[in-house]
$ cat work21.cif   # mmCIF, C-alpha atoms, pLDDT in the B column; chains and numbers go by the auth columns
data_final
loop_
_atom_site.group_PDB
_atom_site.id
_atom_site.type_symbol
_atom_site.label_atom_id
_atom_site.label_comp_id
_atom_site.label_asym_id
_atom_site.label_seq_id
_atom_site.Cartn_x
_atom_site.Cartn_y
_atom_site.Cartn_z
_atom_site.B_iso_or_equiv
_atom_site.auth_seq_id
_atom_site.auth_asym_id
ATOM 1 C CA MET A 1 37.082 9.387 -38.686 71.00 1 A
ATOM 2 C CA ASN A 2 37.189 9.187 -34.871 74.00 2 A
ATOM 3 C CA ASP A 3 38.735 12.659 -34.727 79.00 3 A
ATOM 4 C CA VAL A 4 35.929 13.982 -36.946 85.00 4 A
ATOM 5 C CA ILE A 5 33.376 12.648 -34.419 83.00 5 A
ATOM 6 C CA LEU A 6 35.351 14.135 -31.526 83.00 6 A
ATOM 7 C CA PHE A 7 35.473 17.595 -33.111 89.00 7 A
ATOM 8 C CA ALA A 8 31.944 17.488 -34.554 93.00 8 A
ATOM 9 C CA HIS A 9 30.514 17.024 -31.028 93.00 9 A
ATOM 10 C CA PRO A 10 31.575 20.464 -29.654 93.00 10 A
ATOM 11 C CA ILE A 11 31.039 22.132 -33.044 96.00 11 A
ATOM 12 C CA PHE A 12 27.365 21.100 -33.071 97.00 12 A
ATOM 13 C CA GLY A 13 27.146 22.147 -29.413 96.00 13 A
ATOM 14 C CA MET A 14 28.489 25.615 -30.205 97.00 14 A
ATOM 15 C CA LEU A 15 26.218 25.957 -33.267 97.00 15 A
ATOM 16 C CA GLY A 16 23.324 25.094 -30.951 97.00 16 A
ATOM 17 C CA VAL A 17 24.440 27.819 -28.523 97.00 17 A
ATOM 18 C CA LEU A 18 24.617 30.374 -31.359 98.00 18 A
ATOM 19 C CA ALA A 19 21.188 29.350 -32.648 98.00 19 A
ATOM 20 C CA SER A 20 19.718 29.627 -29.124 98.00 20 A
ATOM 21 C CA VAL A 21 21.055 33.207 -28.879 98.00 21 A
ATOM 22 C CA TRP A 22 19.355 33.813 -32.247 97.00 22 A
ATOM 23 C CA VAL A 23 16.067 32.431 -30.819 98.00 23 A
ATOM 24 C CA PHE A 24 16.448 34.629 -27.705 98.00 24 A
ATOM 25 C CA VAL A 25 16.902 37.814 -29.764 97.00 25 A
ATOM 26 C CA GLU A 26 14.056 36.948 -32.145 96.00 26 A
ATOM 27 C CA ALA A 27 11.731 36.174 -29.193 97.00 27 A
ATOM 28 C CA LEU A 28 12.739 39.442 -27.501 96.00 28 A
ATOM 29 C CA ASN A 29 11.517 41.231 -30.639 94.00 29 A
ATOM 30 C CA ALA A 30 8.640 38.839 -31.374 95.00 30 A
ATOM 31 C CA SER A 31 6.156 40.037 -33.978 94.00 31 A
ATOM 32 C CA GLU A 32 4.052 38.623 -36.801 92.00 32 A
ATOM 33 C CA ALA A 33 6.965 39.325 -39.152 93.00 33 A
ATOM 34 C CA ASN A 34 9.539 37.040 -37.462 94.00 34 A
ATOM 35 C CA ARG A 35 7.163 34.254 -36.371 94.00 35 A
ATOM 36 C CA SER A 36 8.428 31.686 -38.878 95.00 36 A
ATOM 37 C CA ARG A 37 12.046 32.725 -38.287 96.00 37 A
ATOM 38 C CA ILE A 38 11.697 31.928 -34.552 96.00 38 A
ATOM 39 C CA ARG A 39 10.366 28.466 -35.390 96.00 39 A
ATOM 40 C CA ILE A 40 13.158 27.778 -37.887 97.00 40 A
ATOM 41 C CA ALA A 41 15.822 28.909 -35.387 97.00 41 A
ATOM 42 C CA ALA A 42 14.236 26.752 -32.653 97.00 42 A
ATOM 43 C CA PHE A 43 14.387 23.682 -34.920 98.00 43 A
ATOM 44 C CA ILE A 44 18.047 24.441 -35.725 98.00 44 A
ATOM 45 C CA VAL A 45 18.808 24.494 -31.952 98.00 45 A
ATOM 46 C CA THR A 46 17.079 21.114 -31.555 98.00 46 A
ATOM 47 C CA GLY A 47 18.903 19.599 -34.537 98.00 47 A
ATOM 48 C CA CYS A 48 22.306 20.816 -33.363 98.00 48 A
ATOM 49 C CA LEU A 49 21.860 19.530 -29.814 97.00 49 A
ATOM 50 C CA ILE A 50 20.542 16.145 -30.959 96.00 50 A
ATOM 51 C CA ALA A 51 23.630 15.835 -33.184 96.00 51 A
ATOM 52 C CA ALA A 52 25.907 16.846 -30.264 96.00 52 A
ATOM 53 C CA TRP A 53 24.115 14.305 -28.032 94.00 53 A
ATOM 54 C CA ALA A 54 24.434 11.439 -30.532 93.00 54 A
ATOM 55 C CA LEU A 55 28.086 12.174 -31.367 93.00 55 A
ATOM 56 C CA GLY A 56 29.069 12.777 -27.728 91.00 56 A
ATOM 57 C CA GLY A 57 27.223 9.671 -26.558 89.00 57 A
ATOM 58 C CA TYR A 58 28.916 7.533 -29.204 88.00 58 A
ATOM 59 C CA TRP A 59 32.325 8.957 -28.274 88.00 59 A
ATOM 60 C CA ARG A 60 31.649 8.460 -24.536 86.00 60 A
ATOM 61 C CA THR A 61 30.700 4.778 -24.890 84.00 61 A
ATOM 62 C CA ALA A 62 33.213 3.797 -27.600 86.00 62 A
ATOM 63 C CA PHE A 63 36.371 5.834 -26.952 87.00 63 A
ATOM 64 C CA TYR A 64 36.375 7.655 -23.610 89.00 64 A
ATOM 65 C CA SER A 65 37.339 4.757 -21.276 88.00 65 A
ATOM 66 C CA PRO A 66 41.106 4.739 -22.145 90.00 66 A
ATOM 67 C CA GLU A 67 41.218 8.553 -21.825 90.00 67 A
ATOM 68 C CA LYS A 68 39.521 8.296 -18.433 92.00 68 A
ATOM 69 C CA VAL A 69 42.311 5.978 -17.227 93.00 69 A
ATOM 70 C CA ILE A 70 44.943 8.423 -18.523 94.00 70 A
ATOM 71 C CA ILE A 71 43.267 11.392 -16.803 94.00 71 A
ATOM 72 C CA LEU A 72 42.901 9.523 -13.492 94.00 72 A
ATOM 73 C CA LYS A 73 46.618 8.578 -13.537 93.00 73 A
ATOM 74 C CA GLY A 74 47.646 12.150 -14.391 93.00 74 A
ATOM 75 C CA PRO A 75 47.983 15.236 -12.165 94.00 75 A
ATOM 76 C CA TRP A 76 44.400 16.396 -12.910 94.00 76 A
ATOM 77 C CA PRO A 77 42.160 13.470 -11.796 94.00 77 A
ATOM 78 C CA TRP A 78 39.463 16.001 -10.828 95.00 78 A
ATOM 79 C CA ALA A 79 39.044 16.664 -14.580 95.00 79 A
ATOM 80 C CA HIS A 80 37.188 13.334 -14.710 94.00 80 A
ATOM 81 C CA ASN A 81 35.894 12.986 -11.141 93.00 81 A
ATOM 82 C CA PHE A 82 34.333 16.439 -11.057 95.00 82 A
ATOM 83 C CA VAL A 83 34.327 18.061 -14.509 96.00 83 A
ATOM 84 C CA MET A 84 33.433 15.081 -16.747 94.00 84 A
ATOM 85 C CA GLU A 85 30.992 13.553 -14.256 92.00 85 A
ATOM 86 C CA THR A 86 29.171 16.889 -13.979 94.00 86 A
ATOM 87 C CA LYS A 87 29.404 17.729 -17.703 94.00 87 A
ATOM 88 C CA GLU A 88 27.945 14.477 -19.009 91.00 88 A
ATOM 89 C CA ARG A 89 24.853 14.926 -16.808 92.00 89 A
ATOM 90 C CA LEU A 90 24.581 18.707 -17.123 95.00 90 A
ATOM 91 C CA PHE A 91 24.292 18.239 -20.906 95.00 91 A
ATOM 92 C CA PHE A 92 20.758 16.902 -20.504 96.00 92 A
ATOM 93 C CA ILE A 93 19.490 20.269 -19.226 97.00 93 A
ATOM 94 C CA PRO A 94 20.102 22.093 -22.554 97.00 94 A
ATOM 95 C CA LEU A 95 19.147 18.946 -24.509 97.00 95 A
ATOM 96 C CA ILE A 96 15.701 18.701 -22.868 97.00 96 A
ATOM 97 C CA LEU A 97 15.196 22.459 -23.193 98.00 97 A
ATOM 98 C CA ALA A 98 16.204 22.209 -26.874 98.00 98 A
ATOM 99 C CA LEU A 99 13.680 19.411 -27.443 98.00 99 A
ATOM 100 C CA TYR A 100 11.018 21.620 -25.838 98.00 100 A
ATOM 101 C CA LEU A 101 11.987 24.840 -27.644 97.00 101 A
ATOM 102 C CA PRO A 102 10.171 24.195 -30.985 97.00 102 A
ATOM 103 C CA ILE A 103 7.044 23.117 -29.053 97.00 103 A
ATOM 104 C CA ALA A 104 6.997 26.402 -27.089 96.00 104 A
ATOM 105 C CA ALA A 105 7.942 28.416 -30.171 96.00 105 A
ATOM 106 C CA ALA A 106 4.927 27.047 -32.045 95.00 106 A
ATOM 107 C CA ALA A 107 2.750 29.505 -30.064 92.00 107 A
ATOM 108 C CA ASN A 108 2.188 33.029 -31.335 92.00 108 A
ATOM 109 C CA LEU A 109 4.867 34.803 -29.264 94.00 109 A
ATOM 110 C CA ALA A 110 3.716 38.249 -30.379 92.00 110 A
ATOM 111 C CA ARG A 111 0.332 37.694 -28.710 92.00 111 A
ATOM 112 C CA ASN A 112 1.234 35.310 -25.882 93.00 112 A
ATOM 113 C CA GLY A 113 3.559 37.042 -23.399 93.00 113 A
ATOM 114 C CA GLY A 114 3.856 33.893 -21.290 94.00 114 A
ATOM 115 C CA ALA A 115 4.996 31.738 -24.208 95.00 115 A
ATOM 116 C CA ARG A 116 7.450 34.476 -25.214 96.00 116 A
ATOM 117 C CA VAL A 117 9.078 34.485 -21.751 96.00 117 A
ATOM 118 C CA VAL A 118 9.191 30.662 -21.701 97.00 118 A
ATOM 119 C CA VAL A 119 10.999 30.616 -25.064 97.00 119 A
ATOM 120 C CA MET A 120 13.453 33.312 -23.895 97.00 120 A
ATOM 121 C CA VAL A 121 14.199 31.486 -20.614 98.00 121 A
ATOM 122 C CA ALA A 122 14.696 28.143 -22.398 98.00 122 A
ATOM 123 C CA ALA A 123 16.980 29.729 -25.023 98.00 123 A
ATOM 124 C CA ALA A 124 18.995 31.588 -22.359 98.00 124 A
ATOM 125 C CA PHE A 125 19.569 28.442 -20.290 98.00 125 A
ATOM 126 C CA ILE A 126 20.567 26.474 -23.407 98.00 126 A
ATOM 127 C CA ALA A 127 23.184 29.141 -24.207 97.00 127 A
ATOM 128 C CA LEU A 128 24.523 29.458 -20.637 97.00 128 A
ATOM 129 C CA ASN A 129 24.682 25.697 -20.029 96.00 129 A
ATOM 130 C CA GLY A 130 26.169 25.177 -23.484 96.00 130 A
ATOM 131 C CA LEU A 131 29.000 27.618 -22.814 96.00 131 A
ATOM 132 C CA ALA A 132 29.737 25.957 -19.448 96.00 132 A
ATOM 133 C CA ILE A 133 29.774 22.525 -21.119 96.00 133 A
ATOM 134 C CA GLU A 134 32.091 23.735 -23.911 95.00 134 A
ATOM 135 C CA GLY A 135 34.502 25.016 -21.232 96.00 135 A
ATOM 136 C CA ALA A 136 34.288 21.725 -19.361 96.00 136 A
ATOM 137 C CA GLY A 137 35.144 19.836 -22.573 94.00 137 A
ATOM 138 C CA ALA A 138 38.244 21.992 -23.021 94.00 138 A
ATOM 139 C CA VAL A 139 39.378 21.203 -19.448 95.00 139 A
ATOM 140 C CA ILE A 140 38.899 17.442 -20.013 94.00 140 A
ATOM 141 C CA SER A 141 40.877 17.379 -23.269 91.00 141 A
ATOM 142 C CA TYR A 142 43.631 19.492 -21.650 95.00 142 A
ATOM 143 C CA ALA A 143 43.758 17.054 -18.714 95.00 143 A
ATOM 144 C CA VAL A 144 44.696 14.257 -21.157 92.00 144 A
ATOM 145 C CA LYS A 145 47.494 16.453 -22.557 92.00 145 A
ATOM 146 C CA VAL A 146 48.739 17.328 -19.049 93.00 146 A
ATOM 147 C CA ALA A 147 48.759 13.625 -18.136 93.00 147 A
ATOM 148 C CA PHE A 148 50.877 12.775 -21.219 91.00 148 A
ATOM 149 C CA VAL A 149 53.291 15.651 -20.505 90.00 149 A
ATOM 150 C CA HIS A 150 53.544 14.526 -16.878 87.00 150 A
ATOM 151 C CA ALA A 151 54.194 10.917 -17.968 84.00 151 A
ATOM 152 C CA GLY A 152 56.878 12.142 -20.415 78.00 152 A
ATOM 153 C CA ASP A 153 58.612 14.167 -17.705 69.00 153 A
ATOM 154 C CA ALA A 154 58.535 11.182 -15.343 66.00 154 A
ATOM 155 C CA GLY A 155 60.039 9.009 -18.088 63.00 155 A
ATOM 156 C CA VAL A 156 62.925 11.468 -18.693 54.00 156 A
ATOM 157 C CA GLU A 157 63.639 11.670 -14.966 54.00 157 A
ATOM 158 C CA MET B 1 1.080 51.506 -40.759 40.00 1 B
ATOM 159 C CA MET B 2 -0.359 48.482 -38.991 43.00 2 B
ATOM 160 C CA SER B 3 0.588 45.021 -40.209 45.00 3 B
ATOM 161 C CA VAL B 4 -2.239 42.750 -41.288 45.00 4 B
ATOM 162 C CA ALA B 5 -2.372 39.585 -39.187 43.00 5 B
ATOM 163 C CA PRO B 6 -3.837 36.323 -40.524 46.00 6 B
ATOM 164 C CA ALA B 7 -7.523 35.803 -39.676 44.00 7 B
ATOM 165 C CA SER B 8 -6.778 33.143 -37.047 44.00 8 B
ATOM 166 C CA ASP B 9 -4.299 35.449 -35.280 45.00 9 B
ATOM 167 C CA ALA B 10 -6.545 38.482 -35.498 44.00 10 B
ATOM 168 C CA ALA B 11 -9.307 36.539 -33.762 44.00 11 B
ATOM 169 C CA ALA B 12 -6.996 35.345 -30.997 49.00 12 B
ATOM 170 C CA THR B 13 -6.856 37.426 -27.833 60.00 13 B
ATOM 171 C CA ALA B 14 -3.620 38.317 -26.076 74.00 14 B
ATOM 172 C CA THR B 15 -2.921 35.922 -23.199 81.00 15 B
ATOM 173 C CA ASP B 16 -0.165 34.695 -20.893 85.00 16 B
ATOM 174 C CA ASP B 17 -1.577 31.193 -20.482 89.00 17 B
ATOM 175 C CA LEU B 18 -0.120 28.103 -22.119 92.00 18 B
ATOM 176 C CA LYS B 19 -2.166 25.052 -23.048 92.00 19 B
ATOM 177 C CA GLY B 20 -1.749 21.950 -25.184 94.00 20 B
ATOM 178 C CA PRO B 21 1.773 20.619 -25.906 96.00 21 B
ATOM 179 C CA ALA B 22 3.445 23.931 -24.911 96.00 22 B
ATOM 180 C CA ALA B 23 2.090 23.540 -21.349 96.00 23 B
ATOM 181 C CA GLY B 24 2.301 19.733 -21.078 97.00 24 B
ATOM 182 C CA PHE B 25 5.805 19.372 -22.460 97.00 25 B
ATOM 183 C CA GLY B 26 6.952 22.466 -20.520 97.00 26 B
ATOM 184 C CA LEU B 27 6.071 20.859 -17.186 97.00 27 B
ATOM 185 C CA ALA B 28 7.553 17.576 -18.451 98.00 28 B
ATOM 186 C CA ALA B 29 10.819 19.386 -19.280 98.00 29 B
ATOM 187 C CA ALA B 30 11.100 20.757 -15.718 98.00 30 B
ATOM 188 C CA ILE B 31 10.451 17.289 -14.221 97.00 31 B
ATOM 189 C CA ALA B 32 12.837 15.526 -16.668 97.00 32 B
ATOM 190 C CA ILE B 33 15.606 18.028 -15.816 97.00 33 B
ATOM 191 C CA LEU B 34 15.222 17.286 -12.083 96.00 34 B
ATOM 192 C CA PHE B 35 14.942 13.525 -12.767 94.00 35 B
ATOM 193 C CA ASN B 36 18.217 13.715 -14.710 93.00 36 B
ATOM 194 C CA ALA B 37 19.940 15.262 -11.684 93.00 37 B
ATOM 195 C CA LEU B 38 18.594 12.482 -9.447 92.00 38 B
ATOM 196 C CA LEU B 39 20.277 9.913 -11.724 88.00 39 B
ATOM 197 C CA ALA B 40 23.640 11.048 -10.296 85.00 40 B
ATOM 198 C CA TRP B 41 22.652 9.300 -7.045 84.00 41 B
ATOM 199 C CA GLU B 42 24.745 6.096 -6.972 78.00 42 B
ATOM 200 C CA PRO B 43 22.058 3.451 -6.195 81.00 43 B
ATOM 201 C CA LEU B 44 19.773 4.823 -8.920 80.00 44 B
ATOM 202 C CA SER B 45 22.546 5.292 -11.508 76.00 45 B
ATOM 203 C CA GLY B 46 23.899 1.812 -10.695 77.00 46 B
ATOM 204 C CA TYR B 47 20.474 0.273 -11.275 79.00 47 B
ATOM 205 C CA MET B 48 20.024 2.212 -14.527 76.00 48 B
ATOM 206 C CA ALA B 49 23.499 1.166 -15.704 74.00 49 B
ATOM 207 C CA SER B 50 22.716 -2.499 -14.958 78.00 50 B
ATOM 208 C CA LEU B 51 19.778 -2.337 -17.392 75.00 51 B
ATOM 209 C CA ALA B 52 22.017 -1.613 -20.395 69.00 52 B
ATOM 210 C CA GLY B 53 25.388 -2.921 -19.206 67.00 53 B
ATOM 211 C CA ASP B 54 27.016 0.485 -19.537 67.00 54 B
ATOM 212 C CA PHE B 55 27.094 3.432 -17.150 60.00 55 B
ATOM 213 C CA TRP B 56 26.202 6.010 -19.802 65.00 56 B
ATOM 214 C CA ARG B 57 23.700 4.268 -22.077 70.00 57 B
ATOM 215 C CA THR B 58 20.573 4.097 -19.897 75.00 58 B
ATOM 216 C CA PRO B 59 21.049 7.373 -17.959 75.00 59 B
ATOM 217 C CA GLY B 60 21.881 8.903 -21.356 79.00 60 B
ATOM 218 C CA VAL B 61 18.424 8.110 -22.731 86.00 61 B
ATOM 219 C CA ALA B 62 16.141 7.937 -19.648 89.00 62 B
ATOM 220 C CA PRO B 63 15.636 11.725 -19.147 92.00 63 B
ATOM 221 C CA VAL B 64 14.655 12.136 -22.818 94.00 64 B
ATOM 222 C CA VAL B 65 12.189 9.223 -22.615 94.00 65 B
ATOM 223 C CA ALA B 66 10.762 10.727 -19.387 95.00 66 B
ATOM 224 C CA PHE B 67 10.341 14.086 -21.153 96.00 67 B
ATOM 225 C CA PHE B 68 8.340 12.617 -24.045 97.00 68 B
ATOM 226 C CA VAL B 69 6.219 10.228 -21.944 97.00 69 B
ATOM 227 C CA LEU B 70 5.333 12.856 -19.312 97.00 70 B
ATOM 228 C CA GLY B 71 4.795 15.499 -21.991 97.00 71 B
ATOM 229 C CA TYR B 72 2.333 13.256 -23.802 97.00 72 B
ATOM 230 C CA LEU B 73 0.509 12.437 -20.536 97.00 73 B
ATOM 231 C CA PHE B 74 0.225 16.076 -19.404 97.00 74 B
ATOM 232 C CA THR B 75 -0.941 17.142 -22.859 96.00 75 B
ATOM 233 C CA TYR B 76 -3.477 14.299 -22.988 96.00 76 B
ATOM 234 C CA HIS B 77 -4.883 15.432 -19.622 95.00 77 B
ATOM 235 C CA LYS B 78 -5.211 19.012 -20.966 93.00 78 B
ATOM 236 C CA PHE B 79 -2.771 20.589 -18.501 95.00 79 B
ATOM 237 C CA ARG B 80 -2.732 24.420 -18.511 94.00 80 B
ATOM 238 C CA ILE B 81 -0.298 26.831 -16.849 95.00 81 B
ATOM 239 C CA ASN B 82 0.518 30.529 -16.819 94.00 82 B
ATOM 240 C CA GLY B 83 3.528 31.124 -19.067 94.00 83 B
ATOM 241 C CA PHE B 84 5.395 33.285 -16.552 95.00 84 B
ATOM 242 C CA ARG B 85 4.928 30.609 -13.877 96.00 85 B
ATOM 243 C CA LEU B 86 6.259 27.936 -16.271 97.00 86 B
ATOM 244 C CA ALA B 87 9.270 30.130 -17.114 97.00 87 B
ATOM 245 C CA VAL B 88 10.097 30.434 -13.386 97.00 88 B
ATOM 246 C CA LEU B 89 9.626 26.659 -13.014 97.00 89 B
ATOM 247 C CA LEU B 90 12.000 25.894 -15.913 97.00 90 B
ATOM 248 C CA ALA B 91 14.614 28.371 -14.634 97.00 91 B
ATOM 249 C CA ALA B 92 14.378 27.008 -11.070 98.00 92 B
ATOM 250 C CA ALA B 93 14.627 23.387 -12.268 97.00 93 B
ATOM 251 C CA SER B 94 17.699 24.216 -14.406 97.00 94 B
ATOM 252 C CA ILE B 95 19.449 26.101 -11.578 97.00 95 B
ATOM 253 C CA VAL B 96 18.659 23.502 -8.898 97.00 96 B
ATOM 254 C CA ALA B 97 19.631 20.565 -11.158 97.00 97 B
ATOM 255 C CA GLY B 98 22.809 22.204 -12.520 96.00 98 B
ATOM 256 C CA GLY B 99 23.955 23.543 -9.148 96.00 99 B
ATOM 257 C CA GLY B 100 23.007 20.289 -7.435 95.00 100 B
ATOM 258 C CA LEU B 101 25.011 18.196 -9.922 95.00 101 B
ATOM 259 C CA ALA B 102 28.097 20.390 -9.551 95.00 102 B
ATOM 260 C CA LEU B 103 27.825 20.363 -5.748 95.00 103 B
ATOM 261 C CA TRP B 104 27.248 16.591 -5.667 93.00 104 B
ATOM 262 C CA PHE B 105 30.373 15.779 -7.704 93.00 105 B
ATOM 263 C CA ALA B 106 32.431 18.391 -5.839 93.00 106 B
ATOM 264 C CA LEU B 107 31.609 16.673 -2.534 90.00 107 B
ATOM 265 C CA VAL B 108 31.506 12.977 -3.591 80.00 108 B
#

$ encode --input "work21.cif" --output "structure tokens"
Amino acid sequence: MNDVILFAHPIFGMLGVLASVWVFVEALNASEANRSRIRIAAFIVTGCLIAAWALGGYWRTAFYSPEKVIILKGPWPWAHNFVMETKERLFFIPLILALYLPIAAAANLARNGGARVVVMVAAAFIALNGLAIEGAGAVISYAVKVAFVHAGDAGVE
Amino acid sequence: MMSVAPASDAAATATDDLKGPAAGFGLAAAIAILFNALLAWEPLSGYMASLAGDFWRTPGVAPVVAFFVLGYLFTYHKFRINGFRLAVLLAAASIVAGGGLALWFALV
């Protein structure tokens, strides 16, 4: 079950990134025809990022501490000191933008150029931050693996 | 052939201004994003952590609470803003907060 939580966290994050790209493209071509589709996509972004937040937060508080010790004792301590420390705070930028997205998308984007640009900027920053955070997560999980490999090598020697 | 817009939309004039929750919560989002970056500062994060007994729990909820509280307040006070200006504000807040966080943890 713990592994399901661990994998569900980045999966929801990536689904949120994909949905934010969907919102960006729909807003770029905003018209009366795709008005409801923009709102639905915006709510999907919000739902995905709330799920990623809840699952990641639970994992961080319940399971990350032993992994942190392993990373800090391994050859890549910067994976926690820099990457994880930055990642866990950077996440709140796309989360807050995702919470705001359905509120901004409630406006008529076909008639309100300002609201349209706001929605596009929010969606773009959700996608860009999301991709950076996904990459950071990969580095952190690889740092645990490197630490175990390093410990195994030291044991053999 | 022109599409037929609903009566409420047809009556509305094209504008770049945002009002109501879109404006209030937009400004709140920019402030909450910057507030979240400030939480990386040790004395503030230490104080926040002491409230819940865990480093992540309070800083993990505080920016979201700030977003909703400020958003409600700005909306209640009928805040209005040009949409393009708000877009620049959101982009600037995201870049400053994201770059600032990365720089902070690279140097600390």

$ resolve_selection --input "work21.cif" --expression "the PyMOL selection byres ((chain A) within 10 of (chain B))" --output "number ranges by chain"
A: 31-33, 53-54, 57-58, 60-61, 78, 81-122, 124-126, 129

$ atom_distance --input "work21.cif" --atom1 "CA of Gly56 (chain A)" --atom2 "CA of Leu6 (chain A)"
7.5 Å

$ atom_distance --input "work21.cif" --atom1 "CA of Ala147 (chain A)" --atom2 "CA of Ile70 (chain A)"
6.5 Å

$ atom_distance --input "work21.cif" --atom1 "CA of Arg80 (chain B)" --atom2 "CA of Ala27 (chain A)"
21.5 Å

$ axis_aligned_box --input "work21.cif" --around "region 37-53 of chain B" --padding-each-side "5 Å" --output "lines of an AutoDock Vina configuration file"
center_x = 22.0
center_y = 6.2
center_z = -13.3
size_x = 16.8
size_y = 28.2
size_z = 24.2

$ closest_residue --input "work21.cif" --among "A:Met14, A:Leu28, A:Leu131, A:Ile5" --to "Ala62 (chain A)" --atoms "all atoms listed in the file"
A:Ile5

$ resolve_selection --input "work21.cif" --expression "the PyMOL selection byres ((chain A and resi 41) around 12)" --output "PyMOL selection string"
chain A and resi 15-27+34-40+42-48+98+101-102+105-106+119+123

$ resolve_selection --input "work21.cif" --expression "the PyMOL selection byres ((chain A and resi 7) around 12)" --output "PyMOL selection string"
chain A and resi 1-6+8-14+51-52+55-56+59+134+137-138+141

$ decode --input "work21.cif" --residues "region 91-96 of chain A" --atoms "all heavy atoms" --output "short mmCIF file (atom, residue, chain, number, x, y, z; two decimals), in the first residue's frame"
data_model
loop_
_atom_site.label_atom_id
_atom_site.label_comp_id
_atom_site.auth_asym_id
_atom_site.auth_seq_id
_atom_site.Cartn_x
_atom_site.Cartn_y
_atom_site.Cartn_z
N PHE A 91 6.70 23.07 -4.71
CA PHE A 91 5.41 22.44 -5.04
C PHE A 91 4.22 23.37 -4.80
O PHE A 91 3.20 23.28 -5.49
CB PHE A 91 5.23 21.15 -4.22
CG PHE A 91 3.90 20.49 -4.43
CD1 PHE A 91 3.67 19.73 -5.56
CD2 PHE A 91 2.87 20.65 -3.53
CE1 PHE A 91 2.43 19.14 -5.79
CE2 PHE A 91 1.63 20.07 -3.73
CZ PHE A 91 1.42 19.31 -4.87
N PHE A 92 4.38 24.27 -3.81
CA PHE A 92 3.24 25.12 -3.47
C PHE A 92 2.94 26.18 -4.53
O PHE A 92 1.84 26.74 -4.53
CB PHE A 92 3.44 25.74 -2.08
CG PHE A 92 3.26 24.73 -1.01
CD1 PHE A 92 4.35 24.01 -0.54
CD2 PHE A 92 2.01 24.42 -0.52
CE1 PHE A 92 4.19 23.03 0.42
CE2 PHE A 92 1.84 23.45 0.43
CZ PHE A 92 2.93 22.75 0.90
N ILE A 93 3.91 26.45 -5.41
CA ILE A 93 3.64 27.41 -6.50
C ILE A 93 2.59 26.81 -7.44
O ILE A 93 1.53 27.42 -7.64
CB ILE A 93 4.93 27.81 -7.24
CG1 ILE A 93 5.87 28.55 -6.29
CG2 ILE A 93 4.61 28.67 -8.46
CD1 ILE A 93 7.23 28.89 -6.89
N PRO A 94 2.80 25.62 -8.03
CA PRO A 94 1.75 25.06 -8.88
C PRO A 94 0.47 24.72 -8.12
O PRO A 94 -0.62 24.81 -8.69
CB PRO A 94 2.39 23.80 -9.50
CG PRO A 94 3.56 23.49 -8.66
CD PRO A 94 4.03 24.81 -8.09
N LEU A 95 0.60 24.35 -6.83
CA LEU A 95 -0.62 24.02 -6.06
C LEU A 95 -1.51 25.25 -5.92
O LEU A 95 -2.73 25.17 -6.19
CB LEU A 95 -0.26 23.47 -4.68
CG LEU A 95 -1.46 23.19 -3.77
CD1 LEU A 95 -2.30 22.04 -4.31
CD2 LEU A 95 -1.02 22.90 -2.35
N ILE A 96 -0.92 26.39 -5.53
CA ILE A 96 -1.72 27.61 -5.36
C ILE A 96 -2.28 28.08 -6.71
O ILE A 96 -3.45 28.47 -6.80
CB ILE A 96 -0.88 28.71 -4.67
CG1 ILE A 96 -0.63 28.33 -3.21
CG2 ILE A 96 -1.57 30.07 -4.75
CD1 ILE A 96 0.44 29.13 -2.53
#
